[in-house]
Each structure stands twice: as structure tokens, then as C-alpha cells.
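The file work26.cif contains mmCIF, C-alpha atoms and all ligand atoms:
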```cif
data_final
loop_
_atom_site.group_PDB
_atom_site.id
_atom_site.type_symbol
_atom_site.label_atom_id
_atom_site.label_comp_id
_atom_site.auth_asym_id
_atom_site.auth_seq_id
_atom_site.Cartn_x
_atom_site.Cartn_y
_atom_site.Cartn_z
ATOM 1 C CA PRO A 148 91.593 87.232 97.786
ATOM 2 C CA ALA A 149 92.424 88.566 101.256
ATOM 3 C CA PRO A 150 94.740 91.589 101.168
ATOM 4 C CA ARG A 151 98.343 91.006 102.030
ATOM 5 C CA THR A 152 100.275 94.210 101.336
ATOM 6 C CA VAL A 153 98.745 97.111 103.219
ATOM 7 C CA LEU A 154 99.719 100.772 103.248
ATOM 8 C CA LEU A 155 99.471 102.152 106.785
ATOM 9 C CA THR A 156 99.302 105.954 106.741
ATOM 10 C CA GLY A 157 99.965 107.788 109.993
ATOM 11 C CA ALA A 158 102.283 104.942 110.976
ATOM 12 C CA ALA A 159 104.364 107.127 113.338
ATOM 13 C CA GLY A 160 101.323 108.095 115.437
ATOM 14 C CA GLY A 161 99.924 106.539 118.594
ATOM 15 C CA LEU A 162 97.503 104.200 116.864
ATOM 16 C CA GLY A 163 99.903 103.598 113.985
ATOM 17 C CA THR A 164 102.579 102.475 116.418
ATOM 18 C CA LEU A 165 100.186 100.088 118.177
ATOM 19 C CA MET A 166 98.982 98.654 114.868
ATOM 20 C CA ARG A 167 102.519 98.301 113.493
ATOM 21 C CA GLU A 168 103.148 95.949 116.379
ATOM 22 C CA LEU A 169 99.903 93.969 116.158
ATOM 23 C CA LEU A 170 98.926 93.676 112.490
ATOM 24 C CA PRO A 171 101.912 91.648 111.230
ATOM 25 C CA ASP A 172 100.593 88.765 113.397
ATOM 26 C CA TYR A 173 97.633 88.616 111.004
ATOM 27 C CA GLY A 174 99.985 88.038 108.090
ATOM 28 C CA TYR A 175 100.054 91.546 106.641
ATOM 29 C CA GLU A 176 103.066 93.106 105.060
ATOM 30 C CA LEU A 177 102.892 96.755 106.020
ATOM 31 C CA ARG A 178 104.164 99.659 103.972
ATOM 32 C CA LEU A 179 104.461 102.637 106.303
ATOM 33 C CA LEU A 180 103.879 106.314 105.571
ATOM 34 C CA ASP A 181 104.007 109.368 107.801
ATOM 35 C CA LEU A 182 105.086 112.991 107.804
ATOM 36 C CA ARG A 183 107.607 112.078 110.444
ATOM 37 C CA PRO A 184 110.368 109.481 110.136
ATOM 38 C CA ILE A 185 109.935 106.402 112.319
ATOM 39 C CA GLU A 186 112.829 105.230 114.410
ATOM 40 C CA GLY A 187 113.979 101.755 113.438
ATOM 41 C CA GLU A 188 111.929 101.814 110.222
ATOM 42 C CA PRO A 189 114.307 103.045 107.518
ATOM 43 C CA ASP A 190 111.961 101.879 104.747
ATOM 44 C CA ALA A 191 109.024 103.950 105.977
ATOM 45 C CA ILE A 192 107.907 106.542 103.452
ATOM 46 C CA VAL A 193 108.300 110.054 104.835
ATOM 47 C CA ALA A 194 105.744 112.122 102.960
ATOM 48 C CA ASP A 195 103.019 114.698 103.410
ATOM 49 C CA LEU A 196 99.542 113.818 102.144
ATOM 50 C CA ALA A 197 99.730 117.186 100.385
ATOM 51 C CA ASP A 198 102.324 115.695 98.008
ATOM 52 C CA ARG A 199 100.123 113.995 95.421
ATOM 53 C CA GLU A 200 102.980 112.352 93.525
ATOM 54 C CA ALA A 201 104.423 110.861 96.709
ATOM 55 C CA VAL A 202 100.999 109.623 97.785
ATOM 56 C CA ARG A 203 100.381 108.030 94.413
ATOM 57 C CA GLU A 204 103.715 106.266 94.537
ATOM 58 C CA ALA A 205 103.016 105.107 98.088
ATOM 59 C CA VAL A 206 99.743 103.399 97.175
ATOM 60 C CA ARG A 207 101.073 101.760 94.009
ATOM 61 C CA GLY A 208 100.877 97.991 94.232
ATOM 62 C CA VAL A 209 99.259 97.630 97.659
ATOM 63 C CA ASP A 210 96.158 95.478 98.159
ATOM 64 C CA ALA A 211 94.546 97.821 100.676
ATOM 65 C CA ILE A 212 95.100 100.978 102.708
ATOM 66 C CA ILE A 213 94.583 101.709 106.390
ATOM 67 C CA HIS A 214 94.275 105.480 106.516
ATOM 68 C CA LEU A 215 95.215 106.869 109.925
ATOM 69 C CA ALA A 216 97.252 109.918 108.879
ATOM 70 C CA GLY A 217 95.972 113.356 109.727
ATOM 71 C CA ILE A 218 95.378 115.732 112.576
ATOM 72 C CA SER A 219 93.818 113.714 115.368
ATOM 73 C CA LEU A 220 92.465 116.509 117.570
ATOM 74 C CA GLU A 221 90.797 119.878 117.085
ATOM 75 C CA ALA A 222 92.891 122.448 115.202
ATOM 76 C CA SER A 223 92.354 125.549 113.093
ATOM 77 C CA PHE A 224 90.152 125.089 110.052
ATOM 78 C CA ASP A 225 93.084 125.751 107.707
ATOM 79 C CA LYS A 226 95.146 122.958 109.208
ATOM 80 C CA ILE A 227 92.231 120.516 109.211
ATOM 81 C CA LEU A 228 91.431 121.463 105.614
ATOM 82 C CA LYS A 229 94.940 120.687 104.436
ATOM 83 C CA ALA A 230 95.759 117.517 106.356
ATOM 84 C CA ASN A 231 92.393 115.814 106.799
ATOM 85 C CA ILE A 232 90.170 117.046 103.988
ATOM 86 C CA GLU A 233 92.581 117.629 101.101
ATOM 87 C CA GLY A 234 94.934 114.906 102.372
ATOM 88 C CA THR A 235 92.190 112.284 102.445
ATOM 89 C CA TYR A 236 91.016 113.366 98.988
ATOM 90 C CA HIS A 237 94.559 112.956 97.642
ATOM 91 C CA LEU A 238 94.747 109.490 99.135
ATOM 92 C CA TYR A 239 91.435 108.402 97.580
ATOM 93 C CA GLU A 240 92.408 109.835 94.208
ATOM 94 C CA ALA A 241 95.688 107.954 94.346
ATOM 95 C CA ALA A 242 93.839 104.754 95.322
ATOM 96 C CA ARG A 243 91.404 105.173 92.443
ATOM 97 C CA GLU A 244 94.155 105.883 89.931
ATOM 98 C CA GLU A 245 96.231 102.921 91.095
ATOM 99 C CA GLY A 246 93.266 100.537 91.336
ATOM 100 C CA VAL A 247 93.470 99.853 95.081
ATOM 101 C CA GLY A 248 90.212 98.160 96.016
ATOM 102 C CA ARG A 249 89.801 98.791 99.747
ATOM 103 C CA VAL A 250 90.419 101.530 102.285
ATOM 104 C CA VAL A 251 89.881 101.301 106.024
ATOM 105 C CA PHE A 252 89.315 104.871 107.130
ATOM 106 C CA ALA A 253 89.947 106.026 110.696
ATOM 107 C CA SER A 254 86.800 108.040 111.293
ATOM 108 C CA SER A 255 85.953 109.123 114.799
ATOM 109 C CA ASN A 256 83.206 109.331 117.393
ATOM 110 C CA HIS A 257 83.646 113.101 116.897
ATOM 111 C CA ALA A 258 81.853 112.875 113.517
ATOM 112 C CA VAL A 259 78.732 112.393 115.634
ATOM 113 C CA GLY A 260 80.061 113.877 118.881
ATOM 114 C CA TYR A 261 76.970 115.924 119.737
ATOM 115 C CA THR A 262 74.844 112.786 119.847
ATOM 116 C CA PRO A 263 73.619 112.256 123.428
ATOM 117 C CA HIS A 264 74.679 108.939 124.825
ATOM 118 C CA PRO A 265 72.054 106.510 126.119
ATOM 119 C CA ARG A 266 70.972 106.490 129.732
ATOM 120 C CA GLY A 267 68.987 103.911 131.638
ATOM 121 C CA ASP A 268 67.035 101.740 129.219
ATOM 122 C CA ASP A 269 67.701 103.937 126.151
ATOM 123 C CA PRO A 270 68.782 101.971 123.087
ATOM 124 C CA LEU A 271 72.447 102.013 122.088
ATOM 125 C CA ILE A 272 73.426 104.671 119.517
ATOM 126 C CA PRO A 273 72.846 103.173 116.065
ATOM 127 C CA VAL A 274 75.489 103.551 113.371
ATOM 128 C CA ASP A 275 73.138 105.496 111.082
ATOM 129 C CA VAL A 276 72.566 108.535 113.307
ATOM 130 C CA PRO A 277 72.952 111.793 111.369
ATOM 131 C CA HIS A 278 76.371 113.406 111.249
ATOM 132 C CA ARG A 279 76.693 115.729 114.217
ATOM 133 C CA PRO A 280 80.335 116.831 114.348
ATOM 134 C CA ASP A 281 81.569 118.432 117.551
ATOM 135 C CA THR A 282 84.624 120.193 116.026
ATOM 136 C CA PHE A 283 86.238 121.020 112.668
ATOM 137 C CA TYR A 284 88.154 117.824 113.356
ATOM 138 C CA GLY A 285 84.886 115.876 113.584
ATOM 139 C CA LEU A 286 83.640 117.665 110.470
ATOM 140 C CA SER A 287 86.683 116.393 108.558
ATOM 141 C CA LYS A 288 85.719 112.851 109.567
ATOM 142 C CA CYS A 289 82.180 113.468 108.228
ATOM 143 C CA PHE A 290 83.852 114.558 104.986
ATOM 144 C CA GLY A 291 86.005 111.433 104.929
ATOM 145 C CA GLU A 292 82.969 109.196 105.371
ATOM 146 C CA ASP A 293 81.097 111.010 102.589
ATOM 147 C CA LEU A 294 84.144 110.869 100.335
ATOM 148 C CA ALA A 295 84.282 107.132 100.961
ATOM 149 C CA GLN A 296 80.608 106.823 99.999
ATOM 150 C CA LEU A 297 81.220 108.811 96.798
ATOM 151 C CA TYR A 298 84.198 106.677 95.785
ATOM 152 C CA TRP A 299 82.163 103.528 96.372
ATOM 153 C CA ASP A 300 79.118 104.723 94.452
ATOM 154 C CA LYS A 301 81.046 106.296 91.585
ATOM 155 C CA HIS A 302 84.219 104.234 91.341
ATOM 156 C CA GLY A 303 83.552 100.946 93.147
ATOM 157 C CA LEU A 304 86.333 101.613 95.681
ATOM 158 C CA GLU A 305 85.312 99.979 98.958
ATOM 159 C CA THR A 306 85.758 101.514 102.422
ATOM 160 C CA VAL A 307 85.069 100.547 105.980
ATOM 161 C CA SER A 308 84.808 103.772 107.991
ATOM 162 C CA VAL A 309 85.597 102.975 111.601
ATOM 163 C CA ARG A 310 84.263 105.568 114.034
ATOM 164 C CA ILE A 311 86.923 104.917 116.601
ATOM 165 C CA GLY A 312 86.059 105.647 120.217
ATOM 166 C CA SER A 313 89.313 105.828 122.217
ATOM 167 C CA CYS A 314 92.051 103.400 121.251
ATOM 168 C CA PHE A 315 94.790 103.584 123.825
ATOM 169 C CA PRO A 316 96.551 100.934 125.912
ATOM 170 C CA GLU A 317 94.213 101.696 128.848
ATOM 171 C CA PRO A 318 91.121 103.839 129.408
ATOM 172 C CA THR A 319 92.050 107.028 131.277
ATOM 173 C CA SER A 320 88.655 108.627 131.982
ATOM 174 C CA VAL A 321 85.192 107.599 133.086
ATOM 175 C CA ARG A 322 83.864 108.502 129.618
ATOM 176 C CA MET A 323 86.433 106.215 128.041
ATOM 177 C CA LEU A 324 84.983 103.269 129.926
ATOM 178 C CA SER A 325 82.131 103.471 127.391
ATOM 179 C CA VAL A 326 84.085 104.094 124.177
ATOM 180 C CA TRP A 327 87.413 102.389 124.822
ATOM 181 C CA MET A 328 88.853 100.069 122.210
ATOM 182 C CA SER A 329 91.755 97.979 123.423
ATOM 183 C CA PRO A 330 94.656 97.864 120.971
ATOM 184 C CA ALA A 331 94.120 94.106 120.537
ATOM 185 C CA ASP A 332 90.457 94.690 119.646
ATOM 186 C CA GLY A 333 91.575 97.522 117.360
ATOM 187 C CA ALA A 334 93.747 95.090 115.430
ATOM 188 C CA ARG A 335 90.864 92.567 115.340
ATOM 189 C CA LEU A 336 88.549 95.206 113.923
ATOM 190 C CA LEU A 337 91.029 96.419 111.303
ATOM 191 C CA HIS A 338 91.633 92.819 110.254
ATOM 192 C CA ALA A 339 87.879 92.238 109.933
ATOM 193 C CA ALA A 340 87.537 95.472 107.935
ATOM 194 C CA LEU A 341 90.312 94.395 105.571
ATOM 195 C CA THR A 342 88.999 90.885 104.973
ATOM 196 C CA ALA A 343 85.175 91.020 105.050
ATOM 197 C CA GLU A 344 83.663 90.633 101.605
ATOM 198 C CA ASN A 345 81.396 93.060 99.788
ATOM 199 C CA VAL A 346 81.551 95.902 102.264
ATOM 200 C CA GLY A 347 80.723 98.667 99.755
ATOM 201 C CA HIS A 348 80.943 101.593 102.118
ATOM 202 C CA THR A 349 80.226 100.363 105.622
ATOM 203 C CA VAL A 350 80.318 102.517 108.751
ATOM 204 C CA VAL A 351 81.099 100.784 112.026
ATOM 205 C CA HIS A 352 81.622 101.789 115.618
ATOM 206 C CA GLY A 353 85.087 100.986 116.921
ATOM 207 C CA SER A 354 85.272 99.880 120.522
ATOM 208 C CA SER A 355 85.684 96.886 122.740
ATOM 209 C CA ALA A 356 82.669 95.030 124.168
ATOM 210 C CA ASN A 357 82.510 97.373 127.144
ATOM 211 C CA THR A 358 79.991 96.775 129.917
ATOM 212 C CA ARG A 359 79.190 100.517 129.760
ATOM 213 C CA LEU A 360 78.969 100.579 125.958
ATOM 214 C CA TRP A 361 77.104 103.561 124.449
ATOM 215 C CA TRP A 362 76.914 102.466 120.833
ATOM 216 C CA ASP A 363 75.795 99.543 118.765
ATOM 217 C CA LEU A 364 78.482 97.198 117.458
ATOM 218 C CA THR A 365 76.165 95.251 115.097
ATOM 219 C CA SER A 366 77.703 96.509 111.835
ATOM 220 C CA ALA A 367 81.220 95.848 113.157
ATOM 221 C CA ARG A 368 80.273 92.322 114.214
ATOM 222 C CA ALA A 369 78.735 91.761 110.773
ATOM 223 C CA LEU A 370 82.252 92.157 109.331
ATOM 224 C CA GLY A 371 83.395 89.270 111.528
ATOM 225 C CA TYR A 372 84.676 91.439 114.404
ATOM 226 C CA ASP A 373 84.455 89.611 117.711
ATOM 227 C CA PRO A 374 85.724 91.922 120.457
ATOM 228 C CA GLN A 375 87.413 90.203 123.392
ATOM 229 C CA ASP A 376 88.005 93.078 125.798
ATOM 230 C CA ASP A 377 85.947 95.144 128.244
ATOM 231 C CA SER A 378 87.010 98.307 130.101
ATOM 232 C CA GLU A 379 85.115 97.282 133.246
ATOM 233 C CA PRO A 380 88.165 96.173 135.261
ATOM 234 C CA TYR A 381 89.324 99.826 135.123
ATOM 235 C CA ALA A 382 85.981 101.254 136.262
ATOM 236 C CA GLU A 383 86.312 101.207 140.032
ATOM 237 C CA LYS A 384 89.635 103.025 140.089
ATOM 238 C CA LEU A 385 88.663 105.653 137.492
ATOM 239 C CA ILE A 386 85.328 106.405 139.176
ATOM 240 C CA ALA A 387 87.011 106.655 142.589
ATOM 241 C CA GLU A 388 89.492 109.160 141.135
ATOM 242 C CA GLN A 389 87.192 111.186 138.873
ATOM 243 C CA GLY A 390 83.636 110.638 140.136
ATOM 244 C CA GLU A 391 80.589 109.461 138.146
ATOM 245 C CA LEU A 392 79.551 111.260 134.945
ATOM 246 C CA ASP A 393 77.580 114.439 135.688
ATOM 247 C CA PRO A 394 74.171 114.429 133.908
ATOM 248 C CA ASP A 395 74.212 118.263 133.767
ATOM 249 C CA ASN A 396 77.583 118.519 132.016
ATOM 250 C CA PRO A 397 77.443 118.172 128.198
ATOM 251 C CA ALA A 398 81.071 117.027 128.258
ATOM 252 C CA HIS A 399 79.714 114.015 130.131
ATOM 253 C CA THR A 400 76.384 113.476 128.362
ATOM 254 C CA ARG A 401 77.409 113.755 124.695
ATOM 255 C CA LEU A 402 79.333 111.073 122.878
ATOM 256 C CA GLY A 403 82.211 113.438 122.009
ATOM 257 C CA GLY A 404 83.001 114.302 125.637
ATOM 258 C CA HIS A 405 85.141 117.397 126.169
ATOM 259 C CA PHE A 406 85.418 118.013 122.396
ATOM 260 C CA VAL A 407 81.836 119.293 122.723
ATOM 261 C CA THR A 408 82.688 121.906 125.349
ATOM 262 C CA ASP A 409 86.320 122.825 124.678
ATOM 263 C CA PRO A 410 86.648 126.447 123.509
ATOM 264 C CA PRO A 411 87.029 126.781 119.726
ATOM 265 C CA ILE A 412 90.537 127.131 118.367
ATOM 266 C CA TRP A 413 91.101 130.527 116.766
ATOM 267 C CA PRO A 414 91.623 131.730 114.136
ATOM 268 C CA TYR A 415 88.968 129.759 112.293
HETATM 269 P P1 LIG A 501 98.314 110.716 116.048
HETATM 270 O O1 LIG A 501 98.166 112.193 116.002
HETATM 271 O O2 LIG A 501 99.138 110.102 117.115
HETATM 272 O O3 LIG A 501 98.878 110.199 114.647
HETATM 273 C C1 LIG A 501 98.553 110.774 113.413
HETATM 274 C C2 LIG A 501 99.765 110.655 112.507
HETATM 275 O O4 LIG A 501 99.441 111.244 111.246
HETATM 276 C C3 LIG A 501 100.994 111.389 113.044
HETATM 277 O O5 LIG A 501 102.105 110.511 113.150
HETATM 278 C C4 LIG A 501 101.245 112.490 112.041
HETATM 279 O O6 LIG A 501 102.627 112.769 111.821
HETATM 280 C C5 LIG A 501 100.582 111.929 110.784
HETATM 281 N N1 LIG A 501 100.168 113.003 109.876
HETATM 282 C C6 LIG A 501 99.497 114.137 110.203
HETATM 283 N N2 LIG A 501 99.329 114.911 109.116
HETATM 284 C C7 LIG A 501 99.893 114.239 108.079
HETATM 285 C C8 LIG A 501 100.058 114.538 106.711
HETATM 286 N N3 LIG A 501 99.609 115.681 106.176
HETATM 287 N N4 LIG A 501 100.709 113.659 105.937
HETATM 288 C C9 LIG A 501 101.208 112.519 106.456
HETATM 289 N N5 LIG A 501 101.074 112.175 107.758
HETATM 290 C C10 LIG A 501 100.439 113.039 108.562
HETATM 291 O O7 LIG A 501 96.825 110.134 116.080
HETATM 292 P P2 LIG A 501 96.329 108.675 116.486
HETATM 293 O O8 LIG A 501 95.766 108.722 117.835
HETATM 294 O O9 LIG A 501 97.370 107.686 116.161
HETATM 295 O O10 LIG A 501 95.100 108.500 115.472
HETATM 296 C C11 LIG A 501 95.259 107.940 114.194
HETATM 297 C C12 LIG A 501 94.007 108.207 113.362
HETATM 298 O O11 LIG A 501 92.891 107.641 114.005
HETATM 299 C C13 LIG A 501 93.706 109.694 113.173
HETATM 300 O O12 LIG A 501 93.149 109.875 111.881
HETATM 301 C C14 LIG A 501 92.658 109.963 114.218
HETATM 302 O O13 LIG A 501 91.824 111.034 113.830
HETATM 303 C C15 LIG A 501 91.914 108.637 114.251
HETATM 304 N N6 LIG A 501 91.280 108.391 115.547
HETATM 305 C C16 LIG A 501 92.043 108.004 116.621
HETATM 306 C C17 LIG A 501 91.447 107.731 117.824
HETATM 307 C C18 LIG A 501 92.226 107.207 118.980
HETATM 308 O O14 LIG A 501 91.612 106.837 119.972
HETATM 309 N N7 LIG A 501 93.544 107.119 118.911
HETATM 310 C C19 LIG A 501 89.997 107.934 118.017
HETATM 311 C C20 LIG A 501 89.286 108.321 116.829
HETATM 312 C C21 LIG A 501 89.923 108.532 115.641
HETATM 313 C C1 LIG A 502 89.710 111.047 118.748
HETATM 314 O O1 LIG A 502 89.160 111.191 117.650
HETATM 315 C C2 LIG A 502 91.121 111.443 118.957
HETATM 316 O O2 LIG A 502 91.909 111.241 117.792
HETATM 317 C C3 LIG A 502 91.747 110.704 120.130
HETATM 318 O O3 LIG A 502 92.976 111.337 120.453
HETATM 319 C C4 LIG A 502 90.822 110.726 121.347
HETATM 320 O O4 LIG A 502 90.626 112.051 121.762
HETATM 321 C C5 LIG A 502 89.495 110.111 120.963
HETATM 322 O O5 LIG A 502 88.941 110.689 119.806
HETATM 323 C C6 LIG A 502 88.428 110.223 122.082
HETATM 324 O O6 LIG A 502 87.328 110.674 121.808
HETATM 325 O O7 LIG A 502 88.723 109.812 123.208
#
```

Please express what this file holds, its structure, as C-alpha cells.
Amino acid sequence: PAPRTVLLTGAAGGLGTLMRELLPDYGYELRLLDLRPIEGEPDAIVADLADREAVREAVRGVDAIIHLAGISLEASFDKILKANIEGTYHLYEAAREEGVGRVVFASSNHAVGYTPHPRGDDPLIPVDVPHRPDTFYGLSKCFGEDLAQLYWDKHGLETVSVRIGSCFPEPTSVRMLSVWMSPADGARLLHAALTAENVGHTVVHGSSANTRLWWDLTSARALGYDPQDDSEPYAEKLIAEQGELDPDNPAHTRLGGHFVTDPPIWPY
């Protein structure tokens, strides 16, 4: 049966806030979890993914989990290790112990951020390119995807790993024209990932049907995702303000954008 009660981790964050508004329209009852309290949501669970007992209690009785919680940008290895690597492991252990059948994992383009994006007639980036993280942050998303594969193969716990491009109300850079996912398409994709049958562990690219798309949406569409939005109406203004992408700048030619060229965050 289609899931009804869904735990949304990271519910206080940018994407969590957007999805809290949009997902109830699909009939879901959301249970919210975040480190931070959420204004106007007194029932939200305030817990750290480091707290295994709290995480186990939070997953008890839900039909599925949308896992957005974690550090969403580059940070020191220690911080990434705790929040994204150990935190995601705790969540999967709790899901296994409580018999939750499906996780939708917020992976990221930064798991494969060093991948060059297509130019001219090059084919779109397929979903099975090798992991090529551009940061410790991206590396933690590689870990999450591999953890998802392990829990499917060993325990039969299904996951859709969504390598999200940029999900914000509007694209704000020329790069984002290629990887933007409108919030409405984000909700469509999460709904498809929650309801498609027999997903095992499936990796999908998460974006709208952008005119300047860099990656292949085939595996996302196979879940039933039918994106309705395109960043193109924003193109003229953004290009006038920022210029075209520079073919000699890796921050413009690699999928991960500036994550590829930003200085590392010390201490490691
Ligand atoms: P965000 O940083 O706004 O939200 C993340 C939330 O997770 C925060 O509210 C934070 O308090 C919570 N959190 C962090 N550590 C936690 C812990 N140890 N225990 C419990 N909660 C914790 O990030 P955003 O943009 O909402 O992204 C959500 C997820 O989607 C993240 O996993 C991010 O890596 C992923 N993602 C987002 C993209 C986007 O375009 N917004 C693109 C690619 C991936
Ligand atoms: C991400 O993974 C980040 O969480 C988000 O804040 C954006 O930076 C996005 O990628 C992006 O690549 O634009």
C-alpha cells in the first residue's frame, strides 16, 4: 500500500520547510524531526541524529522516511562524520529495527560533483557515473548512497537516493539553470519516490525539466516523476547579470560548481 505516515527529517531546513508546505497536498501525514524547534509546529520532534534512542522512537510506526537532515554544505570532516555519516547510519539502523520499508534519501549532485557537464552534442550525464565527490560533504552523500545499497541488499530496506541539483524557489545562478529543481517538482519527485513499487535501491537525478539540463532524468521518470517546470524563463536575466559559463573555469564546467573550487575547510 502507498505510504501515508512519513517521517520528515531536517524539517526545519530550507527544503524541509518547502516540503512541509507541499507534501500534505499528496495526502501524507508528516511527522517532523530536526535539531532545531520549528515555529508553529509544537509536535515536531526536536532531536539530534546522534541520539539513537530518540531516532528509533521517531521512526516507530511510520510507513516511510524522507531523510533531509544533516549538514547541507561543506564543513570540517568531524562535523560531516557526526551529522551526515553517523547520523544517516543511526537513521537506517532505526528504520531496520522498526521495520520501516522505504527511505527517500536526499543525496546531492556533489556526490559526483567533479563530473564534467556535457557541452554541445555530448550525452547527458547518466545516473550510473562513478562517485566523484567534490567535498567531504559530497563524500558523505556517496556514503549515504552506499549505505542505502547495503540496507537493500542485506535487509530488504528500499531507498530512492535523489541526487538533488538545486531546490530553491528560484534559480539564482547561471549554473543553476541546468540543475534547478522547482519546489513543486521536488514534491512531485518525492511523491514518486515514496509511491513507486519495487525500487530496491534506485538512484535518480533531482531537477526540473530544464532546457539547459546537464543530466539524464530517465531513472526519475521511471518512478512516475513527470516534471512540469523549466528554469529557462530565468535565463535571460541571470546571464545578463552574471555572464555565460566560462569554459576555462572548473567552477563552471563541473557539475558541482563552486564546491569544486572553494578552498577546503580546515581543520580536516
Ligand atoms: P538545510 O541546511 O537548510 O537543512 C538541514 C536541516 O537538517 C537543518 O534544519 C538542520 O537543523 C538539520 N540537521 C542538521 N544536523 C542534524 C542532526 N544531527 N540531527 C537532526 N537534524 C539535523 O538544508 P536543505 O537545503 O534544506 O537540504 C536538505 C537536505 O537536502 C540536506 O541533506 C542536503 O544535503 C540535501 N540537498 C539539498 C539541496 C538543495 O538544493 N536544497 C541540494 C542537494 C542536496
Ligand atoms: C547542495 O547539495 C546544497 O545542499 C545546496 O545548498 C546547494 O548548494 C546545492 O547543492 C547546489 O549544488 O546548488

(request) Rounded to one decimal place, report the CA of Arg368 in chain A-CA of Ala340 in chain A distance in Å. (result) 10.1 Å

(request) Using all atoms listed in the file, determine which residues lie at most 12 Å from range 258-264 of chain A, disregarding the query and same-chain residues fewer than 6 positions distant; provide the list as a PyMOL selection string. (result) chain A and resi 220-221+270-293+308-312+322+325-326+350+352+359-363+392+394-408

Using the file's own x, y and z axes, what box holds all listed atoms of ligand LIG 502 (chain A) with 6 Å on each side, keeping edges along x, y and z, and what are its centre and edge lengths in Å to one decimal, as JSON?
```
{"center_x": 90.2, "center_y": 110.9, "center_z": 120.4, "size_x": 17.6, "size_y": 14.2, "size_z": 17.6}
```

(request) Report the residues retrieved by the PyMOL selection byres (((chain A and resi 330) around 9) and not hetatm) from the displayed file, expressed as a PyMOL selection string. (result) chain A and resi 162+165-166+169+314-317+328-329+331-335

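Closest approach to ligand LIG 502 (chain A) among A:His257, A:His237, A:Arg243, A:Arg249 is made by A:His257 (distances from all atoms listed in the file).
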
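With all atoms listed in the file as the basis for measurement, A:Leu337 is the residue among A:Asp172, A:Asn231, A:Leu337, A:Val321 that approaches Ile212 in chain A most closely.
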
(request) On this file, the PyMOL selection byres (((chain A and resi 152) around 7) and not hetatm) gives some set of residues; write that set as a PyMOL selection string. (result) chain A and resi 150-151+153-154+175-177+209-211

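Shortest atom-to-atom contact with ligand LIG 501 (chain A) among A:Val206, A:Ala222, A:Ile227, A:Ala253: A:Ala253, counting all atoms listed in the file.
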